[in-house]
Amino acid sequence: MIQTRRAQRTFGDGLIAEEVKDLHEAWMKHADRVLGDKEIVAAIYEALAKRHPQSRTRGRPGTPAEVVLRLLVLKHMRNWSYGVLEREVRANLVYRDFTRVGGTKMPDAKTMGRWGVAVGPVVVKQIHERIVQIARDHRVAQGRRMRVDTTVVETNIHYPTDSSLLGDGVRVLTRTMKKITGIAGAAGTQLRDRSRSVKWRVLEIARAARAKGRQSGEKLAQATADYWRQPAGWWDRQSASPRRSATASSGRLTPGGRSCWRGCVGSWKAWCRACGR
């Protein structure tokens, strides 16, 4: 059952509050007045009540919405994980008093993680709007603009091995050549998309690199050699034929297309020279 606030504070709550009342940091004193707003607490209460249909009236008493709000605010202010938040609040009387946990049991990190999911972007937006309104009412800010500090979130990327980087280079060069073919037309040597074969070569190199033993080294060398296997002068024909055909058909090739084509071919030739091709 979800509650807005605790109906009655315990003896331990009063004892902790009396001992640490002069140890609060400056920002905690300002945050205390704002976080006591009924509309902000009500927004958290409504978000928690939506987790289950009968959360308002049934079940054992859960953590009050006020405590949830203050714990999440402390986590954001300190840039802690939920595990660190649990440990620090359990060991610090000042944090216990600020978050209104007091002498009760501190919720575990897994439970607080569920709270963070329940309090989504819509609720956070409501809280921000209410804080701006409070600042305007007290003439702290005019509320015309609000500067927001963003947070960098980790994401999954592929490990930048040499073979994967070369595969990315082939993909980008092929994409650029297709654009140039669209400008120059279909005349001349036809562009052949080798992205699929390059992808299989990259996977073959990766499998050979993960294997162990002498044979794996030989497989890796063979896979790398197959990766670069290409008929002699093929890239020269690709760079020369579209330019001649475009000149014959339209009279000229656009300067941007010419410089882009030369840069792509030059980069590819540099890679070939570095590998001894």
# chains A, B, ... in the order shown; residues from 1 in each chain; ligands from 1
$ select_by_dssp --residues "region 2-136 of chain A" --states "alpha helix (DSSP H)" --output "ChimeraX atom specification"
/A:11-20,26-35,38-49,65-78,82-91,93-98,109-118,121-136
$ residues_around --residues "region 63-73 of chain A" --least-positions-apart "5" --cutoff "7 Å" --atoms "only C-alpha atoms" --output "PDB file with N, CA and C atoms, in the first residue's frame"
ATOM      1  N   ILE A   2       0.612   2.160  -0.921  1.00  0.00           N
ATOM      2  CA  ILE A   2       1.426   3.348  -1.090  1.00  0.00           C
ATOM      3  C   ILE A   2       0.895   4.476  -0.197  1.00  0.00           C
ATOM      4  N   GLN A   3       1.790   5.175   0.469  1.00  0.00           N
ATOM      5  CA  GLN A   3       1.442   6.317   1.304  1.00  0.00           C
ATOM      6  C   GLN A   3       2.165   7.557   0.795  1.00  0.00           C
ATOM      7  N   THR A   4       1.587   8.714   1.076  1.00  0.00           N
ATOM      8  CA  THR A   4       2.255   9.957   0.702  1.00  0.00           C
ATOM      9  C   THR A   4       3.395  10.276   1.659  1.00  0.00           C
ATOM     10  N   ARG A   5       3.073  10.248   2.939  1.00  0.00           N
ATOM     11  CA  ARG A   5       4.062  10.474   4.000  1.00  0.00           C
ATOM     12  C   ARG A   5       3.774   9.528   5.146  1.00  0.00           C
ATOM     13  N   ARG A   6       4.731   9.409   6.038  1.00  0.00           N
ATOM     14  CA  ARG A   6       4.492   8.625   7.237  1.00  0.00           C
ATOM     15  C   ARG A   6       3.489   9.355   8.130  1.00  0.00           C
ATOM     16  N   VAL A  41       5.286  15.866  -4.221  1.00  0.00           N
ATOM     17  CA  VAL A  41       5.114  14.558  -3.574  1.00  0.00           C
ATOM     18  C   VAL A  41       3.949  13.802  -4.201  1.00  0.00           C
ATOM     19  N   ILE A  44       4.965  11.949  -7.393  1.00  0.00           N
ATOM     20  CA  ILE A  44       5.648  10.680  -7.114  1.00  0.00           C
ATOM     21  C   ILE A  44       4.647   9.625  -6.647  1.00  0.00           C
ATOM     22  N   TYR A  45       3.688  10.041  -5.830  1.00  0.00           N
ATOM     23  CA  TYR A  45       2.671   9.112  -5.332  1.00  0.00           C
ATOM     24  C   TYR A  45       1.860   8.510  -6.483  1.00  0.00           C
ATOM     25  N   THR A  99      16.558  12.167   3.958  1.00  0.00           N
ATOM     26  CA  THR A  99      15.683  11.354   3.119  1.00  0.00           C
ATOM     27  C   THR A  99      14.438  10.867   3.851  1.00  0.00           C
ATOM     28  N   ARG A 100      14.334  11.177   5.144  1.00  0.00           N
ATOM     29  CA  ARG A 100      13.208  10.762   5.984  1.00  0.00           C
ATOM     30  C   ARG A 100      13.159   9.252   6.193  1.00  0.00           C
ATOM     31  N   VAL A 101      14.288   8.580   5.967  1.00  0.00           N
ATOM     32  CA  VAL A 101      14.361   7.154   6.300  1.00  0.00           C
ATOM     33  C   VAL A 101      14.374   6.986   7.802  1.00  0.00           C
TER      34      VAL A 101
END
$ atom_distance --atom1 "CA of Gln142 (chain A)" --atom2 "CA of Val123 (chain A)"
22.5 Å
$ closest_residue --among "A:Glu88, A:Glu19, A:Asp108, A:Asp137" --to "Lys75 (chain A)" --atoms "only C-alpha atoms"
A:Glu88
$ atom_distance --atom1 "CA of Val198 (chain A)" --atom2 "CA of Pro160 (chain A)"
16.0 Å
$ residues_around --residues "Ile131 (chain A)" --least-positions-apart "4" --cutoff "9 Å" --atoms "only C-alpha atoms" --output "list of chain:residue names"
A:Val34, A:Ile40, A:Gln126, A:Ile127, A:Ala135, A:Arg136
$ atom_distance --atom1 "CA of Thr174 (chain A)" --atom2 "CA of Arg210 (chain A)"
28.2 Å
$ residues_around --residues "region 116-119 of chain A" --least-positions-apart "5" --cutoff "9 Å" --atoms "only C-alpha atoms" --output "NGL selection string"
:A and (43-44 or 47-48 or 50-51 or 72 or 111 or 124)
$ decode --residues "region 113-199 of chain A" --atoms "C-alpha atoms" --output "JSON list (two decimals), in the first residue's frame"
[["chain", "number", "residue", "atom", "x", "y", "z"],
["A", 113, "GLY", "CA", 15.92, 0.69, -9.17],
["A", 114, "ARG", "CA", 12.25, -0.19, -9.67],
["A", 115, "TRP", "CA", 11.31, 3.24, -8.31],
["A", 116, "GLY", "CA", 13.60, 4.89, -10.83],
["A", 117, "VAL", "CA", 11.83, 3.05, -13.65],
["A", 118, "ALA", "CA", 8.38, 3.96, -12.31],
["A", 119, "VAL", "CA", 9.28, 7.64, -12.05],
["A", 120, "GLY", "CA", 9.70, 8.15, -15.78],
["A", 121, "PRO", "CA", 10.36, 11.22, -17.95],
["A", 122, "VAL", "CA", 6.76, 12.46, -17.70],
["A", 123, "VAL", "CA", 6.90, 12.65, -13.90],
["A", 124, "VAL", "CA", 10.33, 14.28, -13.98],
["A", 125, "LYS", "CA", 8.97, 16.92, -16.36],
["A", 126, "GLN", "CA", 6.08, 17.62, -13.97],
["A", 127, "ILE", "CA", 8.50, 18.05, -11.08],
["A", 128, "HIS", "CA", 10.69, 20.42, -13.10],
["A", 129, "GLU", "CA", 7.70, 22.53, -14.08],
["A", 130, "ARG", "CA", 6.54, 22.73, -10.48],
["A", 131, "ILE", "CA", 10.02, 23.76, -9.28],
["A", 132, "VAL", "CA", 10.12, 26.52, -11.91],
["A", 133, "GLN", "CA", 6.69, 27.69, -10.75],
["A", 134, "ILE", "CA", 7.87, 27.78, -7.12],
["A", 135, "ALA", "CA", 10.92, 29.81, -8.16],
["A", 136, "ARG", "CA", 8.71, 32.27, -10.03],
["A", 137, "ASP", "CA", 6.32, 32.61, -7.08],
["A", 138, "HIS", "CA", 9.23, 33.45, -4.77],
["A", 139, "ARG", "CA", 10.79, 35.75, -7.41],
["A", 140, "VAL", "CA", 13.93, 33.63, -7.57],
["A", 141, "ALA", "CA", 13.77, 33.33, -11.38],
["A", 142, "GLN", "CA", 11.54, 34.64, -14.13],
["A", 143, "GLY", "CA", 11.15, 31.19, -15.66],
["A", 144, "ARG", "CA", 11.58, 32.24, -19.28],
["A", 145, "ARG", "CA", 14.55, 29.93, -19.82],
["A", 146, "MET", "CA", 15.93, 26.97, -17.95],
["A", 147, "ARG", "CA", 19.44, 25.61, -18.44],
["A", 148, "VAL", "CA", 19.58, 21.85, -18.15],
["A", 149, "ASP", "CA", 22.72, 19.81, -17.54],
["A", 150, "THR", "CA", 22.67, 16.61, -19.56],
["A", 151, "THR", "CA", 24.09, 13.25, -18.56],
["A", 152, "VAL", "CA", 26.17, 10.97, -20.81],
["A", 153, "VAL", "CA", 24.74, 7.46, -21.02],
["A", 154, "GLU", "CA", 26.89, 4.47, -21.96],
["A", 155, "THR", "CA", 25.93, 2.47, -25.03],
["A", 156, "ASN", "CA", 27.18, -0.69, -26.72],
["A", 157, "ILE", "CA", 29.69, -0.27, -29.58],
["A", 158, "HIS", "CA", 31.79, -2.83, -31.42],
["A", 159, "TYR", "CA", 35.41, -3.14, -30.34],
["A", 160, "PRO", "CA", 37.59, -1.18, -32.84],
["A", 161, "THR", "CA", 39.86, -3.94, -34.15],
["A", 162, "ASP", "CA", 41.92, -3.40, -37.31],
["A", 163, "SER", "CA", 39.75, -5.73, -39.39],
["A", 164, "SER", "CA", 36.49, -4.10, -38.24],
["A", 165, "LEU", "CA", 37.86, -0.62, -38.96],
["A", 166, "LEU", "CA", 38.89, -1.72, -42.45],
["A", 167, "GLY", "CA", 35.44, -3.22, -42.94],
["A", 168, "ASP", "CA", 33.90, 0.11, -41.94],
["A", 169, "GLY", "CA", 36.21, 1.83, -44.43],
["A", 170, "VAL", "CA", 35.04, -0.46, -47.24],
["A", 171, "ARG", "CA", 31.41, 0.20, -46.34],
["A", 172, "VAL", "CA", 31.89, 3.99, -46.32],
["A", 173, "LEU", "CA", 33.87, 3.97, -49.58],
["A", 174, "THR", "CA", 31.24, 1.83, -51.29],
["A", 175, "ARG", "CA", 28.49, 4.14, -50.11],
["A", 176, "THR", "CA", 30.41, 7.17, -51.42],
["A", 177, "MET", "CA", 31.06, 5.50, -54.77],
["A", 178, "LYS", "CA", 27.37, 4.74, -55.15],
["A", 179, "LYS", "CA", 26.61, 8.44, -54.68],
["A", 180, "ILE", "CA", 29.21, 9.33, -57.31],
["A", 181, "THR", "CA", 27.76, 6.72, -59.69],
["A", 182, "GLY", "CA", 24.41, 8.40, -59.24],
["A", 183, "ILE", "CA", 25.96, 11.70, -60.30],
["A", 184, "ALA", "CA", 28.14, 10.35, -63.14],
["A", 185, "GLY", "CA", 25.60, 7.86, -64.47],
["A", 186, "ALA", "CA", 25.80, 4.16, -65.20],
["A", 187, "ALA", "CA", 28.36, 4.53, -68.04],
["A", 188, "GLY", "CA", 31.83, 3.00, -67.73],
["A", 189, "THR", "CA", 32.92, 0.17, -65.49],
["A", 190, "GLN", "CA", 30.05, -0.99, -63.31],
["A", 191, "LEU", "CA", 30.50, -0.55, -59.58],
["A", 192, "ARG", "CA", 30.49, -3.82, -57.72],
["A", 193, "ASP", "CA", 29.33, -3.84, -54.11],
["A", 194, "ARG", "CA", 31.67, -6.06, -52.12],
["A", 195, "SER", "CA", 30.26, -5.23, -48.68],
["A", 196, "ARG", "CA", 28.84, -8.71, -48.18],
["A", 197, "SER", "CA", 32.06, -10.54, -49.02],
["A", 198, "VAL", "CA", 34.05, -8.10, -46.86],
["A", 199, "LYS", "CA", 31.70, -8.79, -43.95]]
